[in-house]
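Undergrad: Got a structure for you, written out below as structure tokens; questions coming shortly.
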Amino acid sequence: MTAVTAAEASSGAPASRQLRAAGWLLHTYTASGTAIAFGALVATVAGNEVVALWLLFAALVVDGTDGLLARRLRVSQTIPGFDGARLDDIVDYITYCFVPVFMLWNGGYLPEGPVGAVLAVVPLLASSYQFCRVDAKTDDNCFLGFPSYWNVVALYVIVLGLSDAVVATILLVCAVLVFVPVKYLYPSKTRVHRVLNLVLAGAWLVTYALMLVQYPEAHPLVVAVSLAYVVYYVGASVWMTVRNPHRAAA
């Protein structure tokens with residue numbers, strides 16, 4: 001933060017043009033997730049699933065960095081008339097839910113016919129609820145209920161070539177978990193073991209990239225390390241829930 005913006009932060013003076021411009025650039029950066037999602041859809045329809053997964057990887061990077069930048073630039077203060085959190089939710093729903101589920105349906109990873117269509121709609125409906133609930137994020141900076149990581153589901157389904165029966169089971173279980181009050185880690189915000197969580201999340205991103213580079217024959221060790229993080233993530237989330245369960249407001 002420059003000397004000028006630091007003074008503004010302490011005095012409550014109006015934001016400088018430079019800071020407001022930086023804020024709008026950041027909102028544009030966040031909104032770029034919609035363009036990335038469109039590219040992923042185009043690649044999916046063209047049958048290029050690896051390219052689509054790379055684009056969803058880029059969306060993950062954008063989502064993992066824009067919040068930190070928003071806090072540094074104080075965009076909620078410098079541009080109070082624009083709801084960056086709502087923009088982030090819109091982009092996340094498209095990139096974390098709609099596009100990955102479409103990939104599974106379009107790629108033939110779901111049963112054929114009406115059953116497959118219903119299975120595709122279930123995550124969309126569950127996540128619609130998840131993104132609109134007022135307590136979707138808890139006071140201690142966790143997600144409440146399965147945080148609609150359908151992009152992660154799509155990654156493993158495609159890379160591992162899971163059968164449609166297995167995929168159907170995973171989709172239904174995860175959709176149910178949206179409504180189960182387990183507190184899931186928010187790696188960039190959850191204070192408990194925050195540094196460890198960030199390091200492990202970064203390592204998982206590396207395995208994501210490696211699995212795509214190695215596709216269709218991902219190295220078993222890379223897959224094992226990647227899945228080990230998933231086990232850690234779920235285990236740590238359950239531990240946090242048992243240690244400090246969520247209580248609904250009176």
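So you can find residues: chains in the structure tokens are A, B, ... in the order shown, residues in each start at 1, and ligands are numbered from 1 in order.
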Using only C-alpha atoms, determine which residues lie at most 9 Å from stretch 40-53 of chain A, disregarding the query and same-chain residues fewer than 2 positions distant; provide the list as an MDAnalysis selection string.
TA: chainID A and resid 35:38 55:58 95 99:100 102:103 106:107 151 154:155 158:159 212:213 215
Undergrad: So, counting only C-alpha atoms, which residue among A:Ala203, A:Val225, A:Ile170, A:Leu26 is closest to A:Ile79?
TA: A:Leu26
Undergrad: So, with only C-alpha atoms as the atoms that count, which of A:Lys183, A:His193, A:Arg74, A:His246 lies closest to A:Trp24?
TA: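 Among the listed residues, A:Arg74 lies closest to A:Trp24.
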Undergrad: Would you kindly return, as number ranges by chain, each protein, DNA or RNA residue with an atom no farther than 10 Å from any atom of A:Thr190, considering only C-alpha atoms and excluding same-chain residues fewer than 2 positions away?
TA: A: 138-143, 184-188, 192-195, 197-198
Undergrad: Which neighbours of A:Ala126 fall inside 10 Å, counting only C-alpha atoms, when residues of the same chain fewer than 4 positions from it are skipped, and could you give them as a ChimeraX atom specification?
TA: /A:97,121-122,130-131,146,148,172,174-179
Undergrad: What residues in stretch 17-113 of chain A get the DSSP label alpha helix (DSSP H)? Please answer as a PyMOL selection string.
TA: chain A and resi 17-45+49-73+75-78+84-92+99-106
Undergrad: From the options A:Asp135, A:Val152, A:Gly116, A:Leu160, which residue's atoms come nearest to A:Leu205, counting only C-alpha atoms?
TA: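 The closest residue to A:Leu205 is A:Val152.
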Undergrad: Which residue out of A:Cys132, A:Leu104, A:Ala21, A:Ala224 has the minimum interatomic distance to A:Ala117 when only C-alpha atoms are used?
TA: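 With only C-alpha atoms as the atom set, the closest residue is A:Leu104.
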Undergrad: Point out the residue among A:Lys137, A:Arg72, A:Lys189, A:His219 with the least atom-to-atom distance to A:Gly23, counting only C-alpha atoms.
TA: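 For A:Gly23, the nearest of the given residues is A:Arg72.
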Undergrad: Which neighbours of A:Tyr229 fall inside 8 Å, counting only C-alpha atoms, when residues of the same chain fewer than 4 positions from it are skipped, and could you give them as a list of chain:residue names?
TA: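 Returned residues: A:Leu200, A:Ala201, A:Trp204, A:Val225, A:Tyr233.
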Undergrad: Considering only C-alpha atoms, return as a list of chain:residue names whatever protein or nucleic-acid residues lie within 10 Å of A:Phe82, sequence-local ones (same chain, fewer than 6 positions apart) excluded.
TA: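 Non-adjacent residues within range: A:Trp24, A:His27, A:Val75, A:Ser76.
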Undergrad: How would the residues just picked look written out with N, CA and C atoms as a tab-separated table (two decimals), in the first residue's frame?
TA:
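Once everything was written out, this is part.tsv:
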chain	number	residue	atom	x	y	z
A	24	TRP	N	-11.41	-1.58	-10.04
A	24	TRP	CA	-12.17	-1.99	-11.22
A	24	TRP	C	-11.41	-3.04	-12.04
A	27	HIS	N	-12.04	-6.28	-10.27
A	27	HIS	CA	-13.37	-6.81	-10.59
A	27	HIS	C	-13.39	-7.43	-11.98
A	75	VAL	N	-11.47	-2.98	-1.96
A	75	VAL	CA	-12.44	-2.65	-3.00
A	75	VAL	C	-13.84	-2.41	-2.44
A	76	SER	N	-14.19	-3.06	-1.33
A	76	SER	CA	-15.52	-2.83	-0.76
A	76	SER	C	-15.67	-1.40	-0.26
Undergrad: Find the residue from A:Ser163, A:Thr34, A:Gln18, A:Gln214 that sits nearest to A:Tyr109; use only C-alpha atoms when measuring.
TA: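 For A:Tyr109, the nearest of the candidates is A:Ser163.
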Undergrad: Quick one: pull the distance between atom CA of A:Tyr93 and atom CA of A:Leu171, Å, one decimal.
TA: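 These atoms are spaced 16.0 Å apart.
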Undergrad: Residues of stretch 52-250 of chain A classed as strand (DSSP E) by DSSP on the backbone are to be reported as a list in words.
TA: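 Taking stretch 52-250 of chain A and keeping strand (DSSP E) only, one gets Cys142, Phe143, Leu144, Lys183, Tyr184 and Leu185 of chain A.
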